[in-house]
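Asks: Contents are compact mmCIF, C-alpha atoms and all ligand atoms; file name target24.txt:
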# COMPACT_ATOMS: atom_id res chain seq x y z
CA MET U 662 15.62 45.90 15.50
CA ILE U 663 16.87 44.54 18.84
CA ILE U 664 20.50 44.10 19.80
CA GLU U 665 20.94 40.84 21.65
CA ASP U 666 24.37 39.77 22.96
CA GLY U 667 25.93 42.21 20.57
CA LYS U 668 24.16 40.57 17.59
CA GLU U 669 21.50 42.28 15.58
CA PHE U 670 18.20 40.54 15.90
CA CYS U 671 15.53 41.46 13.42
CA PHE U 672 12.16 40.17 14.58
CA TYR U 673 10.66 40.47 11.11
CA CYS U 674 13.63 38.69 9.54
CA GLU U 675 13.08 35.76 11.92
CA GLU U 676 9.37 35.70 11.06
CA ILE U 677 10.14 35.72 7.34
CA LYS U 678 12.68 32.93 7.80
CA LYS U 679 10.11 30.84 9.68
CA ALA U 680 7.45 31.50 7.05
CA ASP U 681 9.94 30.53 4.33
CA GLU U 682 10.70 27.30 6.14
CA VAL U 683 6.98 26.45 6.33
CA LEU U 684 6.50 27.30 2.66
CA GLY U 685 9.57 25.26 1.77
CA LYS U 686 8.22 22.26 3.65
CA GLU U 687 4.79 22.64 2.04
CA ALA U 688 6.33 22.89 -1.41
CA LYS U 689 8.41 19.77 -0.75
CA SER U 690 5.35 17.90 0.46
CA ALA U 691 3.31 19.02 -2.57
CA HIS U 692 6.14 17.98 -4.86
CA ARG U 693 6.35 14.60 -3.12
CA LEU U 694 2.62 14.09 -3.68
CA MET U 695 2.80 15.13 -7.33
CA THR U 696 5.68 12.76 -8.06
CA LEU U 697 3.85 9.95 -6.30
CA ASN U 698 0.64 10.61 -8.23
CA ARG U 699 2.49 10.65 -11.50
CA MET U 700 4.00 7.24 -10.82
CA PHE U 701 1.21 5.59 -8.83
CA ASN U 702 -2.16 7.10 -9.39
CA ASN U 703 -4.68 5.25 -7.22
CA ASP U 704 -7.50 6.27 -9.55
CA SER U 705 -5.93 4.30 -12.34
CA LEU U 706 -4.66 1.46 -10.15
CA ILE U 707 -7.94 0.67 -8.42
CA ASN U 708 -10.20 -1.12 -10.88
CA GLU U 709 -13.70 0.18 -11.67
CA ARG U 710 -15.41 -2.50 -9.61
CA LEU U 711 -13.59 -1.39 -6.48
CA LYS U 712 -13.68 2.38 -6.96
CA ASN U 713 -16.83 2.93 -4.90
CA CYS U 714 -15.91 0.60 -2.08
CA ASN U 715 -15.93 1.90 1.46
CA PHE U 716 -16.64 0.59 4.94
CA GLY U 717 -20.20 1.86 4.70
CA ASN U 718 -21.15 -0.33 1.75
CA TYR U 719 -19.52 -3.53 3.01
CA GLU U 720 -22.54 -5.64 3.95
CA HIS U 721 -22.78 -8.00 6.87
CA VAL U 722 -22.65 -11.50 5.42
CA SER U 723 -21.09 -13.52 8.23
CA GLU U 724 -19.59 -13.16 11.70
CA GLU U 725 -16.08 -13.86 10.40
CA LEU U 726 -16.29 -11.17 7.71
CA ALA U 727 -17.95 -8.67 10.04
CA LYS U 728 -15.04 -9.18 12.43
CA ALA U 729 -12.60 -8.63 9.57
CA LYS U 730 -14.35 -5.38 8.70
CA ALA U 731 -14.20 -4.23 12.34
CA ILE U 732 -10.44 -4.92 12.49
CA CYS U 733 -9.84 -3.03 9.24
CA GLN U 734 -11.93 -0.12 10.42
CA ARG U 735 -10.05 0.02 13.73
CA TYR U 736 -6.79 -0.11 11.81
CA ALA U 737 -7.79 2.85 9.64
CA GLU U 738 -9.04 4.86 12.59
CA HIS U 739 -5.87 4.26 14.63
CA PHE U 740 -3.39 4.67 11.79
CA THR U 741 -0.49 6.88 12.79
CA LYS U 742 2.91 7.11 11.21
CA SER U 743 4.66 6.52 14.52
CA ASN U 744 3.07 3.13 15.14
CA PRO U 745 3.42 1.02 12.00
CA VAL U 746 1.27 -2.11 11.82
CA ASN U 747 1.05 -4.59 8.96
CA LEU U 748 -2.08 -6.48 8.05
CA MET U 749 -2.42 -9.66 6.05
CA MET U 750 -5.92 -10.43 4.79
CA ILE U 751 -6.13 -14.08 3.84
CA GLY U 752 -9.11 -15.88 2.41
CA ASN U 753 -10.81 -17.33 -0.62
CA TYR U 754 -11.85 -15.42 -3.70
CA GLY U 755 -14.68 -12.86 -3.52
CA THR U 756 -14.98 -12.32 0.22
CA GLY U 757 -14.23 -8.61 0.05
CA LYS U 758 -10.52 -8.45 0.83
CA SER U 759 -9.85 -5.86 -1.85
CA HIS U 760 -13.07 -4.06 -0.91
CA LEU U 761 -11.86 -3.64 2.68
CA ALA U 762 -8.30 -2.82 1.59
CA VAL U 763 -9.58 0.03 -0.61
CA SER U 764 -11.77 1.17 2.30
CA ILE U 765 -8.70 1.33 4.55
CA LEU U 766 -6.79 3.36 1.98
CA LYS U 767 -9.62 5.86 1.51
CA ARG U 768 -10.12 6.38 5.23
CA VAL U 769 -6.40 6.74 5.94
CA ILE U 770 -5.97 9.27 3.12
CA GLU U 771 -9.03 11.16 4.40
CA ARG U 772 -7.67 11.24 7.96
CA GLY U 773 -4.23 12.09 6.62
CA LEU U 774 -5.54 15.30 5.08
CA GLU U 775 -5.89 16.67 8.61
CA GLN U 776 -2.15 16.22 9.17
CA LYS U 777 0.46 18.87 8.49
CA ASN U 778 2.02 16.61 5.88
CA PRO U 779 -0.88 14.65 4.36
CA TRP U 780 -0.40 10.90 4.58
CA THR U 781 0.32 9.13 1.33
CA GLY U 782 -0.97 5.74 0.26
CA VAL U 783 -0.82 3.47 -2.76
CA PHE U 784 -3.04 0.52 -3.64
CA ILE U 785 -1.53 -1.81 -6.21
CA SER U 786 -2.00 -5.45 -7.12
CA THR U 787 1.23 -7.40 -7.22
CA PRO U 788 0.82 -8.39 -10.90
CA LYS U 789 0.35 -4.71 -11.76
CA LEU U 790 3.39 -3.81 -9.69
CA MET U 791 5.46 -6.27 -11.70
CA THR U 792 4.13 -4.85 -14.98
CA LYS U 793 5.02 -1.35 -13.86
CA LEU U 794 8.51 -2.32 -12.81
CA LYS U 795 9.09 -4.18 -16.08
CA ALA U 796 7.91 -1.14 -18.03
CA THR U 797 10.76 0.90 -16.54
CA TYR U 798 13.24 -1.32 -18.41
CA HIS U 799 11.92 0.16 -21.63
CA LYS U 800 14.17 2.79 -23.16
CA LYS U 801 11.36 5.32 -23.37
CA SER U 802 10.19 4.89 -19.78
CA LYS U 803 9.67 8.19 -17.95
CA HIS U 804 10.77 6.73 -14.64
CA SER U 805 13.55 4.45 -13.59
CA GLU U 806 12.96 1.29 -11.59
CA ASP U 807 14.84 2.86 -8.68
CA GLU U 808 12.52 5.87 -8.67
CA LEU U 809 9.48 3.62 -8.53
CA LEU U 810 10.96 1.48 -5.79
CA GLU U 811 11.89 4.58 -3.83
CA GLN U 812 8.30 5.84 -3.95
CA LEU U 813 6.94 2.46 -2.90
CA GLY U 814 9.36 2.40 -0.02
CA SER U 815 8.41 5.82 1.21
CA VAL U 816 4.60 5.98 1.04
CA ASP U 817 2.98 5.97 4.47
CA LEU U 818 0.62 3.13 3.55
CA LEU U 819 1.18 0.55 0.85
CA ILE U 820 -1.52 -1.94 -0.04
CA LEU U 821 -0.25 -4.92 -1.95
CA ASP U 822 -3.34 -6.58 -3.33
CA ASP U 823 -3.45 -10.17 -4.54
CA VAL U 824 -0.05 -11.25 -3.33
CA GLY U 825 0.93 -14.51 -4.99
CA THR U 826 -1.11 -14.12 -8.17
CA ASP U 827 1.94 -12.89 -10.04
CA TYR U 828 3.61 -16.20 -9.34
CA LYS U 829 3.39 -18.65 -12.23
CA LYS U 830 2.72 -22.26 -11.36
CA LYS U 831 4.49 -24.17 -14.10
CA GLN U 832 7.92 -24.18 -12.57
CA SER U 833 9.23 -26.87 -14.80
CA GLU U 834 9.83 -24.38 -17.58
CA ALA U 835 13.10 -22.57 -17.09
CA GLU U 836 11.70 -19.28 -18.36
CA GLU U 837 8.92 -19.22 -15.82
CA GLU U 838 11.27 -20.21 -13.07
CA GLU U 839 13.36 -17.18 -13.97
CA ALA U 840 10.27 -14.92 -14.08
CA ASN U 841 9.24 -16.18 -10.66
CA GLN U 842 12.66 -15.52 -9.25
CA TRP U 843 12.63 -12.01 -10.62
CA ALA U 844 9.11 -11.28 -9.30
CA THR U 845 10.00 -12.65 -5.87
CA LEU U 846 13.18 -10.59 -5.78
CA LYS U 847 11.26 -7.40 -6.63
CA LEU U 848 8.42 -8.09 -4.24
CA PHE U 849 10.83 -8.53 -1.37
CA GLU U 850 12.86 -5.50 -2.36
CA VAL U 851 9.64 -3.55 -1.82
CA ILE U 852 8.73 -5.38 1.39
CA ASP U 853 12.20 -4.96 2.86
CA SER U 854 12.21 -1.25 2.04
CA ARG U 855 9.07 -0.80 4.16
CA ILE U 856 10.42 -1.72 7.56
CA GLY U 857 8.94 0.79 9.99
CA LYS U 858 6.03 1.60 7.66
CA HIS U 859 2.49 0.30 7.24
CA THR U 860 1.88 -2.40 4.64
CA VAL U 861 -1.40 -4.22 4.04
CA TYR U 862 -1.40 -7.45 2.07
CA THR U 863 -4.35 -9.29 0.60
CA THR U 864 -4.08 -12.81 -0.74
CA ASN U 865 -6.17 -15.77 -1.87
CA PHE U 866 -3.39 -18.14 -0.86
CA ASN U 867 -2.89 -19.70 2.53
CA HIS U 868 0.32 -19.68 4.56
CA VAL U 869 1.48 -23.06 3.26
CA GLN U 870 1.01 -22.04 -0.38
CA LEU U 871 2.77 -18.70 0.12
CA MET U 872 5.64 -20.38 1.90
CA ASP U 873 5.89 -22.80 -0.99
CA MET U 874 6.10 -19.92 -3.48
CA TYR U 875 8.49 -17.62 -1.68
CA GLY U 876 10.39 -19.93 0.62
CA GLU U 877 10.19 -20.01 4.39
CA GLN U 878 12.75 -17.29 5.03
CA LYS U 879 11.12 -14.73 2.74
CA PHE U 880 7.62 -15.64 3.78
CA SER U 881 8.48 -15.13 7.44
CA ARG U 882 9.82 -11.66 6.58
CA MET U 883 6.46 -10.84 5.01
CA VAL U 884 4.34 -11.97 7.93
CA GLU U 885 6.69 -10.96 10.73
CA GLY U 886 4.71 -8.76 13.07
CA ALA U 887 1.76 -8.70 10.65
CA HIS U 888 -1.72 -9.04 12.00
CA SER U 889 -3.43 -11.85 10.12
CA ILE U 890 -7.12 -11.49 9.27
CA LYS U 891 -9.03 -14.54 8.10
CA MET U 892 -11.58 -13.76 5.40
CA ASN U 893 -13.20 -16.96 4.25
CA GLY U 894 -16.75 -17.32 3.08
CA GLU U 895 -18.96 -17.40 0.07
CA ASN U 896 -17.90 -15.59 -3.05
CA TYR U 897 -19.94 -12.37 -2.90
CA ARG U 898 -19.91 -12.08 -6.67
CA LEU U 899 -21.87 -15.31 -6.95
CA ARG U 900 -24.56 -14.51 -4.38
CA ALA U 901 -27.09 -13.59 -7.07
CA PHE U 902 -26.76 -17.06 -8.58
CA LYS U 903 -27.69 -18.88 -5.37
N1 LIG E 1 -19.66 -7.96 2.22
C1 LIG E 1 -19.71 -7.29 1.06
N2 LIG E 1 -20.56 -6.24 0.92
C2 LIG E 1 -20.63 -5.56 -0.24
N3 LIG E 1 -19.90 -5.85 -1.33
C3 LIG E 1 -19.04 -6.89 -1.26
C4 LIG E 1 -18.89 -7.66 -0.06
N4 LIG E 1 -17.96 -8.61 -0.28
C5 LIG E 1 -17.55 -8.44 -1.54
N5 LIG E 1 -18.19 -7.42 -2.14
C6 LIG E 1 -18.05 -6.96 -3.53
O1 LIG E 1 -17.82 -8.13 -4.33
C7 LIG E 1 -16.80 -7.92 -5.27
C8 LIG E 1 -15.65 -8.87 -4.97
O2 LIG E 1 -14.99 -8.49 -3.77
P1 LIG E 1 -13.43 -8.35 -3.65
O3 LIG E 1 -13.13 -7.36 -2.59
O4 LIG E 1 -12.83 -8.09 -4.99
O5 LIG E 1 -13.05 -9.82 -3.17
P2 LIG E 1 -11.62 -10.48 -2.90
O6 LIG E 1 -10.61 -9.40 -2.97
O7 LIG E 1 -11.73 -11.10 -1.55
O8 LIG E 1 -11.45 -11.53 -3.96
C9 LIG E 1 -16.40 -6.46 -5.15
O9 LIG E 1 -17.10 -5.72 -6.10
C10 LIG E 1 -16.84 -6.07 -3.73
O10 LIG E 1 -17.19 -4.70 -3.66
MG MG E 2 -9.08 -9.09 -4.38
Please rewrite the model in this file as structure tokens.

Replies:
Amino acid sequence: MIIEDGKEFCFYCEEIKKADEVLGKEAKSAHRLMTLNRMFNNDSLINERLKNCNFGNYEHVSEELAKAKAICQRYAEHFTKSNPVNLMMIGNYGTGKSHLAVSILKRVIERGLEQKNPWTGVFISTPKLMTKLKATYHKKSKHSEDELLEQLGSVDLLILDDVGTDYKKKQSEAEEEEANQWATLKLFEVIDSRIGKHTVYTTNFNHVQLMDMYGEQKFSRMVEGAHSIKMNGENYRLRAFK
């Protein structure tokens, strides 16, 4: 024991306190991960077709798509919490937007494991997100809507796949109009909660169509500061039929 400025200073006590702090932080981080996994388990959210996707098995099919892959790869390799960047992958069906989005998630999670507090990431399609949020309104739901929204707002990387597909076209029917309003409200609650964090969007709709769905003001909030990646080309799923 050392007496410093009249106060007792126990070296071992300080060491124990520090160790406790580290353990406390680790426990908190583990708990955060467990809660996140319980609510949003990527294994169950990423469909079977996309489970094995990575940058390595994304084939070169065109210059435009190779460029898209290079941007996504650079994004994943440069991902840091302190420099949030949003991506918006826009293009027709079957060009590998979800493939590259899953690849980003996997690489970021892998790199995040080297961090003191592993990075967290969720991949979810917007229709699935809406289903999950709706399910919380059920009496027997294990989680509240607020808990889900809080998790979505706090993950280090959120991938919102297929933005716009939750939006129903037939707006003449009052019921669908209401459903659209609700879905838009929820989507933007999530988007707004992610200011200062990384969000990656994929969509089959172009800017004009998205603006039409969500309105100019909301749409501009979604794309503000986002790096847009064009991914047009042949539908990869149909290549065997050519
Ligand atoms: N360039 C590519 N190389 C390898 N597989 C691809 C490529 N592009 C698409 N795919 C595969 O084709 C299927 C459709 O791609 P997907 O990412 O779902 O397209 P999108 O999200 O653009 O509609 C997936 O199984 C994906 O792995
Ligand atoms: Mg897709």

Asks: Just the residues within 12 Å of Leu821 (chain U), please, counting only C-alpha atoms, with nothing from its chain fewer than 6 positions along; format it as number ranges by chain.

Replies: U: 706-707, 747-750, 758-759, 762-763, 766, 782-791, 813, 827, 848-849, 851-852, 855, 859-864, 883

Asks: Counting all atoms listed in the file, which protein, DNA or RNA residues come within 10 Å of ligand LIG 1 (chain E), given as a PyMOL selection string?

Replies: chain U and resi 708-723+726-727+730+750-764+822-823+863-865+892-900

Asks: In Å to one decimal, how far is CA of Ile856 (chain U) from CA of His739 (chain U)?

Replies: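 Separating CA of His739 (chain U) from CA of Ile856 (chain U) is a distance of 18.7 Å.
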
Asks: Quick one: distance from CA of Gln734 (chain U) to CA of Gln776 (chain U) in Å, one decimal?

Replies: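 These two atoms are separated by 19.1 Å.
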
Asks: Between CA of Arg699 (chain U) and CA of Ala680 (chain U), what distance in Å does the model show, to one decimal?

Replies: 28.3 Å

Asks: Let me make sure I understand: among U:Val824, U:Leu794, U:Cys733, U:Ala840, which one has the smallest atom-to-atom distance to ligand MG 2 (chain E) if we use only C-alpha atoms and all ligand atoms?

Replies: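 Nearest to ligand MG 2 (chain E): U:Val824.
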
Asks: Select, from U:Glu885, U:Tyr828, U:Leu846, U:Gly857, the residue with the minimum atom-to-atom distance to Leu871 (chain U), counting only C-alpha atoms.

Replies: U:Tyr828

Asks: Go through U:Ile732, U:Pro745, U:Thr826, U:Ile677 one by one, measure the shortest atom-to-atom distance of each to ligand MG 2 (chain E) using only C-alpha atoms and all ligand atoms, and give the residue with the smallest value.

Replies: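 Checking each candidate against ligand MG 2 (chain E), we get U:Thr826 as the closest.
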